[in-house]
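Scroll down for the structure; my scribbles are underneath it.
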Amino acid sequence: MPFRLEPEKTFRHALAQAQTGAGPEGPSAQIGLWVCSGSPLVAEIMAGSGAQWLLIDAEHSPNSLESVLAQLHAVHGYPVLPMVRLPWNDTVLIKQYLDLGAQNLLIPMVNDAEQARAAVAGVRYPPHGVRGVGSALARAARWNRIPEYLARADETISLTVQIETAEAVTKVEEILAVDGIDGIFIGPSDLAASMGLLGQQEHPEVRAAVERCLDAARKAGKPAGVNAFVESSARHYIDRGARFVLVGADVAILARSSEELASRFAAPGASSAQDDGERPASY
């Protein structure tokens, strides 16, 4: 008899469970880490870190469908939920990443309700969307070993869209109102750039824009997350209602930690960017 499977819980379900079990101070934020190296080995190391979720990045990282699939395999079985950020809000890409088994999608650069609706249509089968039907060929349905996958597909998918431009901030309420959008994720780096403040994620105007989105999400009854590598900012946004936060990335952790270790053994008098009071531009 063929082996039958039940779908994994989604990020949407995990956030709802945290909300239900929240104490008097509200639900605790889900703490996550970026996986940007493209390496299944590094992804597995990150999966065992104690983080509650991982973001496997296919927008700015050397990832393909094949490498993302390998990383999903690598982290499976660890107590961590993987989310995949696609390169773009594209129906074909959404179909492909869903079919390979990515259940939790983050769509970048969603600026208005029309773009949000396009993302929702991409993750839903007709008549409610435009996702192509290939479940018998796809890991998403475990090659039709998940019973009634076509009828149940919506419950196996969590869709988050990224708010990362000044335009998106002005339209965040209409984006949140789109049926099928499970949450928003705020990217302060691109947001700062779109505001004419490139590289100034901690600028008061950028922080105010992030807080506006957090407030809008709370009023809409949907979870919001934010990228915050500065610990004080991460804690501030959590206090302001962020339900999920990315606090570091594999490649950044490796870069900074290796620099710090090497600098401790540097020859006397050797100079470094840190000694000169500088930081690498990507810090």
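Scheme for the structure tokens: letters A, B, ... for chains in order shown; per-chain residue numbers from 1; ligand numbers from 1 in order shown.
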
DSSP-assigned helix (DSSP H, G or I) members of segment 196-259 of chain A, reported as an MDAnalysis selection string: chainID A and resid 204:220 231:239 250:259

Pull N, CA, C and O atoms from the residues just selected and write them as a compact mmCIF listing (two decimals), in the first residue's frame.
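Result written to again.txt:
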# COMPACT_ATOMS: atom_id res chain seq x y z
N PRO A 204 15.42 57.78 11.93
CA PRO A 204 14.10 57.94 12.58
C PRO A 204 12.93 57.87 11.61
O PRO A 204 11.86 57.33 11.95
N GLU A 205 13.08 58.38 10.38
CA GLU A 205 11.97 58.33 9.43
C GLU A 205 11.71 56.90 8.96
O GLU A 205 10.55 56.52 8.73
N VAL A 206 12.77 56.13 8.83
CA VAL A 206 12.61 54.73 8.43
C VAL A 206 11.95 53.95 9.56
O VAL A 206 11.01 53.16 9.33
N ARG A 207 12.42 54.15 10.77
CA ARG A 207 11.82 53.46 11.92
C ARG A 207 10.34 53.83 12.06
O ARG A 207 9.50 52.96 12.36
N ALA A 208 10.01 55.09 11.81
CA ALA A 208 8.61 55.51 11.89
C ALA A 208 7.76 54.81 10.84
O ALA A 208 6.61 54.42 11.10
N ALA A 209 8.32 54.62 9.63
CA ALA A 209 7.59 53.93 8.57
C ALA A 209 7.36 52.47 8.94
O ALA A 209 6.29 51.90 8.70
N VAL A 210 8.38 51.83 9.52
CA VAL A 210 8.23 50.44 9.97
C VAL A 210 7.13 50.36 11.03
O VAL A 210 6.26 49.47 10.97
N GLU A 211 7.16 51.28 11.97
CA GLU A 211 6.17 51.26 13.04
C GLU A 211 4.76 51.49 12.50
O GLU A 211 3.80 50.90 13.00
N ARG A 212 4.63 52.32 11.48
CA ARG A 212 3.31 52.53 10.87
C ARG A 212 2.77 51.21 10.33
O ARG A 212 1.59 50.89 10.49
N CYS A 213 3.64 50.43 9.68
CA CYS A 213 3.21 49.14 9.12
C CYS A 213 2.85 48.16 10.23
O CYS A 213 1.86 47.41 10.11
N LEU A 214 3.62 48.14 11.30
CA LEU A 214 3.31 47.26 12.43
C LEU A 214 1.95 47.62 13.02
O LEU A 214 1.14 46.73 13.34
N ASP A 215 1.69 48.92 13.16
CA ASP A 215 0.40 49.35 13.70
C ASP A 215 -0.76 48.97 12.78
O ASP A 215 -1.82 48.52 13.23
N ALA A 216 -0.54 49.13 11.47
CA ALA A 216 -1.59 48.79 10.50
C ALA A 216 -1.90 47.30 10.54
O ALA A 216 -3.07 46.90 10.46
N ALA A 217 -0.86 46.48 10.65
CA ALA A 217 -1.08 45.04 10.70
C ALA A 217 -1.85 44.64 11.96
O ALA A 217 -2.75 43.79 11.90
N ARG A 218 -1.50 45.25 13.07
CA ARG A 218 -2.21 44.94 14.30
C ARG A 218 -3.69 45.29 14.17
O ARG A 218 -4.57 44.52 14.58
N LYS A 219 -4.00 46.44 13.60
CA LYS A 219 -5.39 46.85 13.42
C LYS A 219 -6.13 45.93 12.46
O LYS A 219 -7.33 45.70 12.61
N ALA A 220 -5.40 45.40 11.47
CA ALA A 220 -6.02 44.50 10.49
C ALA A 220 -6.13 43.07 11.01
O ALA A 220 -6.76 42.22 10.36
N GLU A 231 20.35 44.51 17.47
CA GLU A 231 19.56 43.90 18.53
C GLU A 231 18.59 44.89 19.18
O GLU A 231 17.42 44.53 19.44
N SER A 232 19.04 46.10 19.42
CA SER A 232 18.15 47.07 20.07
C SER A 232 16.93 47.36 19.20
O SER A 232 15.81 47.53 19.71
N SER A 233 17.13 47.40 17.88
CA SER A 233 16.01 47.63 16.97
C SER A 233 15.07 46.43 16.95
O SER A 233 13.84 46.59 16.96
N ALA A 234 15.64 45.23 16.93
CA ALA A 234 14.81 44.02 16.94
C ALA A 234 13.92 44.01 18.18
O ALA A 234 12.72 43.74 18.09
N ARG A 235 14.51 44.31 19.32
CA ARG A 235 13.72 44.30 20.55
C ARG A 235 12.68 45.41 20.56
O ARG A 235 11.56 45.23 21.06
N HIS A 236 13.04 46.55 19.99
CA HIS A 236 12.08 47.66 19.91
C HIS A 236 10.88 47.27 19.05
O HIS A 236 9.72 47.50 19.43
N TYR A 237 11.15 46.66 17.89
CA TYR A 237 10.05 46.29 17.00
C TYR A 237 9.20 45.18 17.60
O TYR A 237 7.97 45.14 17.40
N ILE A 238 9.83 44.27 18.33
CA ILE A 238 9.05 43.24 19.02
C ILE A 238 8.11 43.89 20.03
O ILE A 238 6.92 43.54 20.14
N ASP A 239 8.64 44.88 20.78
CA ASP A 239 7.79 45.59 21.74
C ASP A 239 6.66 46.33 21.05
O ASP A 239 5.58 46.52 21.63
N ASP A 250 23.32 33.78 7.89
CA ASP A 250 24.46 32.86 7.93
C ASP A 250 25.74 33.50 7.41
O ASP A 250 26.79 33.43 8.04
N VAL A 251 25.66 34.17 6.26
CA VAL A 251 26.86 34.73 5.66
C VAL A 251 27.41 35.90 6.49
O VAL A 251 28.63 36.07 6.61
N ALA A 252 26.52 36.71 7.08
CA ALA A 252 26.98 37.82 7.91
C ALA A 252 27.61 37.31 9.20
O ALA A 252 28.63 37.84 9.67
N ILE A 253 27.00 36.28 9.79
CA ILE A 253 27.56 35.69 11.00
C ILE A 253 28.95 35.14 10.72
O ILE A 253 29.90 35.36 11.49
N LEU A 254 29.11 34.44 9.60
CA LEU A 254 30.41 33.89 9.23
C LEU A 254 31.43 35.00 8.97
O LEU A 254 32.58 34.94 9.42
N ALA A 255 31.01 36.04 8.24
CA ALA A 255 31.92 37.13 7.91
C ALA A 255 32.39 37.85 9.17
O ALA A 255 33.60 38.05 9.38
N ARG A 256 31.45 38.27 10.03
CA ARG A 256 31.85 39.03 11.22
C ARG A 256 32.61 38.17 12.21
O ARG A 256 33.60 38.62 12.81
N SER A 257 32.17 36.92 12.42
CA SER A 257 32.85 36.06 13.39
C SER A 257 34.25 35.70 12.92
O SER A 257 35.19 35.64 13.73
N SER A 258 34.41 35.44 11.63
CA SER A 258 35.76 35.11 11.13
C SER A 258 36.68 36.31 11.20
O SER A 258 37.87 36.18 11.52
N GLU A 259 36.15 37.50 10.94
CA GLU A 259 36.96 38.72 11.07
C GLU A 259 37.41 38.92 12.51
O GLU A 259 38.58 39.24 12.78

Residues at most 12 Å from segment 162-168 of chain A, counting only C-alpha atoms, excluding those fewer than 3 positions away in the same chain, as a ChimeraX atom specification? /A:85-89,105-116,119,159,171-176,181-198,201,205-206,208-214,216-217,224-227

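For the residues A:Gln200, A:Ser39, A:Gln52, A:Gln103, ranking by smallest atom-to-atom distance to Ala74 of chain A using only C-alpha atoms places A:Ser39 first.
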
DSSP-assigned strand (DSSP E or B) members of segment 166-231 of chain A, reported as a VMD selection string: chain A and resid 183 to 186 224 to 227

Could you write those residues out with all heavy atoms, as a CSV table (one decimal), in the first residue's frame?
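Produced file again-v7.csv, reproduced below:
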chain,number,residue,atom,x,y,z
A,183,GLY,N,0.3,37.6,6.0
A,183,GLY,CA,1.0,38.5,6.8
A,183,GLY,C,1.9,39.4,5.9
A,183,GLY,O,2.0,39.2,4.7
A,184,ILE,N,2.6,40.4,6.6
A,184,ILE,CA,3.5,41.2,5.9
A,184,ILE,C,4.9,41.2,6.6
A,184,ILE,O,4.9,40.9,7.8
A,184,ILE,CB,3.0,42.7,5.8
A,184,ILE,CG1,2.8,43.3,7.2
A,184,ILE,CG2,1.7,42.8,5.0
A,184,ILE,CD1,2.6,44.8,7.2
A,185,PHE,N,5.9,41.4,5.8
A,185,PHE,CA,7.3,41.5,6.3
A,185,PHE,C,7.9,42.7,5.8
A,185,PHE,O,7.9,43.0,4.6
A,185,PHE,CB,8.1,40.2,5.8
A,185,PHE,CG,9.4,40.1,6.5
A,185,PHE,CD1,9.6,39.8,7.8
A,185,PHE,CD2,10.6,40.5,5.7
A,185,PHE,CE1,10.8,39.7,8.3
A,185,PHE,CE2,11.8,40.4,6.3
A,185,PHE,CZ,12.0,40.0,7.6
A,186,ILE,N,8.4,43.5,6.7
A,186,ILE,CA,9.0,44.8,6.4
A,186,ILE,C,10.5,44.7,6.2
A,186,ILE,O,11.2,44.2,7.1
A,186,ILE,CB,8.6,45.9,7.5
A,186,ILE,CG1,7.1,45.8,7.7
A,186,ILE,CG2,9.0,47.2,7.1
A,186,ILE,CD1,6.7,46.1,9.2
A,224,ALA,N,2.7,40.8,11.4
A,224,ALA,CA,3.8,41.5,10.7
A,224,ALA,C,5.1,41.2,11.3
A,224,ALA,O,5.3,40.9,12.5
A,224,ALA,CB,3.6,43.0,10.8
A,225,GLY,N,6.1,41.1,10.4
A,225,GLY,CA,7.5,40.8,10.8
A,225,GLY,C,8.4,41.9,10.2
A,225,GLY,O,8.0,42.7,9.4
A,226,VAL,N,9.6,41.8,10.7
A,226,VAL,CA,10.6,42.8,10.2
A,226,VAL,C,12.0,42.3,10.2
A,226,VAL,O,12.3,41.4,11.0
A,226,VAL,CB,10.5,44.1,11.1
A,226,VAL,CG1,10.9,43.8,12.6
A,226,VAL,CG2,11.4,45.2,10.6
A,227,ASN,N,12.9,42.8,9.4
A,227,ASN,CA,14.3,42.4,9.4
A,227,ASN,C,15.0,43.4,10.2
A,227,ASN,O,14.9,44.6,10.0
A,227,ASN,CB,14.8,42.4,7.9
A,227,ASN,CG,16.2,41.9,7.8
A,227,ASN,OD1,16.4,40.7,8.3
A,227,ASN,ND2,17.1,42.6,7.2

Applying 10 Å and only C-alpha atoms, which residues near segment 12-20 of chain A remain after dropping the ones on its own chain fewer than 6 positions away? List them as a PyMOL selection string. chain A and resi 26-30+52-53+81+104+155-160+182-183+222-223+243-244

Can you spit out the residues from that selection as an mmCIF file, in the first residue's frame, using N, CA, C and O atoms?
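Saved result, result11.cif, follows:
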data_model
loop_
_atom_site.group_PDB
_atom_site.id
_atom_site.type_symbol
_atom_site.label_atom_id
_atom_site.label_comp_id
_atom_site.auth_asym_id
_atom_site.auth_seq_id
_atom_site.Cartn_x
_atom_site.Cartn_y
_atom_site.Cartn_z
ATOM 1 N N GLY A 26 1.051 39.163 25.661
ATOM 2 C CA GLY A 26 0.867 38.940 24.234
ATOM 3 C C GLY A 26 1.755 37.823 23.718
ATOM 4 O O GLY A 26 2.581 37.278 24.453
ATOM 5 N N PRO A 27 1.605 37.475 22.435
ATOM 6 C CA PRO A 27 2.386 36.381 21.865
ATOM 7 C C PRO A 27 3.857 36.758 21.751
ATOM 8 O O PRO A 27 4.202 37.903 21.487
ATOM 9 N N SER A 28 4.716 35.780 21.991
ATOM 10 C CA SER A 28 6.139 36.023 21.812
ATOM 11 C C SER A 28 6.468 36.013 20.324
ATOM 12 O O SER A 28 5.827 35.325 19.535
ATOM 13 N N ALA A 29 7.464 36.789 19.937
ATOM 14 C CA ALA A 29 7.856 36.858 18.530
ATOM 15 C C ALA A 29 8.605 35.600 18.127
ATOM 16 O O ALA A 29 9.341 35.015 18.921
ATOM 17 N N GLN A 30 8.399 35.199 16.885
ATOM 18 C CA GLN A 30 9.127 34.077 16.316
ATOM 19 C C GLN A 30 10.468 34.608 15.788
ATOM 20 O O GLN A 30 10.501 35.495 14.936
ATOM 21 N N GLN A 52 13.491 29.708 15.471
ATOM 22 C CA GLN A 52 12.182 29.105 15.239
ATOM 23 C C GLN A 52 11.813 29.042 13.769
ATOM 24 O O GLN A 52 10.946 28.264 13.387
ATOM 25 N N TRP A 53 12.457 29.885 12.954
ATOM 26 C CA TRP A 53 12.190 29.831 11.515
ATOM 27 C C TRP A 53 13.423 30.290 10.757
ATOM 28 O O TRP A 53 14.292 30.974 11.307
ATOM 29 N N LEU A 81 10.749 26.175 11.071
ATOM 30 C CA LEU A 81 9.916 26.315 9.879
ATOM 31 C C LEU A 81 10.689 27.077 8.805
ATOM 32 O O LEU A 81 11.132 28.206 9.049
ATOM 33 N N ASN A 104 5.903 27.918 2.653
ATOM 34 C CA ASN A 104 5.835 29.264 3.209
ATOM 35 C C ASN A 104 6.613 30.197 2.284
ATOM 36 O O ASN A 104 7.838 30.124 2.197
ATOM 37 N N GLU A 155 -4.632 25.044 2.511
ATOM 38 C CA GLU A 155 -4.269 24.903 3.925
ATOM 39 C C GLU A 155 -2.795 24.535 4.110
ATOM 40 O O GLU A 155 -2.274 24.602 5.222
ATOM 41 N N THR A 156 -2.124 24.165 3.023
ATOM 42 C CA THR A 156 -0.715 23.785 3.109
ATOM 43 C C THR A 156 0.225 24.934 2.776
ATOM 44 O O THR A 156 1.439 24.748 2.781
ATOM 45 N N ILE A 157 -0.327 26.123 2.494
ATOM 46 C CA ILE A 157 0.482 27.247 2.014
ATOM 47 C C ILE A 157 0.266 28.468 2.897
ATOM 48 O O ILE A 157 -0.860 28.780 3.285
ATOM 49 N N SER A 158 1.365 29.159 3.191
ATOM 50 C CA SER A 158 1.313 30.436 3.903
ATOM 51 C C SER A 158 1.987 31.489 3.032
ATOM 52 O O SER A 158 3.104 31.286 2.554
ATOM 53 N N LEU A 159 1.299 32.599 2.809
ATOM 54 C CA LEU A 159 1.779 33.636 1.905
ATOM 55 C C LEU A 159 2.014 34.948 2.659
ATOM 56 O O LEU A 159 1.088 35.522 3.228
ATOM 57 N N THR A 160 3.257 35.396 2.623
ATOM 58 C CA THR A 160 3.646 36.664 3.231
ATOM 59 C C THR A 160 4.206 37.557 2.138
ATOM 60 O O THR A 160 4.940 37.087 1.263
ATOM 61 N N ASP A 182 -1.447 36.385 4.261
ATOM 62 C CA ASP A 182 -1.405 35.902 5.640
ATOM 63 C C ASP A 182 -0.612 36.809 6.560
ATOM 64 O O ASP A 182 -0.764 36.735 7.782
ATOM 65 N N GLY A 183 0.257 37.639 5.995
ATOM 66 C CA GLY A 183 1.041 38.539 6.814
ATOM 67 C C GLY A 183 1.926 39.400 5.939
ATOM 68 O O GLY A 183 2.033 39.190 4.724
ATOM 69 N N LYS A 222 -3.620 40.942 11.334
ATOM 70 C CA LYS A 222 -2.693 40.069 10.628
ATOM 71 C C LYS A 222 -1.290 40.267 11.181
ATOM 72 O O LYS A 222 -0.929 41.375 11.605
ATOM 73 N N PRO A 223 -0.482 39.215 11.183
ATOM 74 C CA PRO A 223 0.872 39.334 11.740
ATOM 75 C C PRO A 223 1.805 40.101 10.820
ATOM 76 O O PRO A 223 1.691 40.039 9.591
ATOM 77 N N ARG A 243 5.577 40.228 15.094
ATOM 78 C CA ARG A 243 5.310 38.844 15.483
ATOM 79 C C ARG A 243 6.404 37.884 15.024
ATOM 80 O O ARG A 243 6.505 36.769 15.536
ATOM 81 N N PHE A 244 7.195 38.298 14.050
ATOM 82 C CA PHE A 244 8.326 37.476 13.606
ATOM 83 C C PHE A 244 9.436 38.400 13.130
ATOM 84 O O PHE A 244 9.181 39.413 12.487
#

A:Met83, A:Leu54, A:Leu93, A:Ala102 ranked by distance to Gly132 of chain A, top pick (using only C-alpha atoms):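 Between A:Met83, A:Leu54, A:Leu93, A:Ala102, the residue approaching Gly132 of chain A most closely is A:Leu93.
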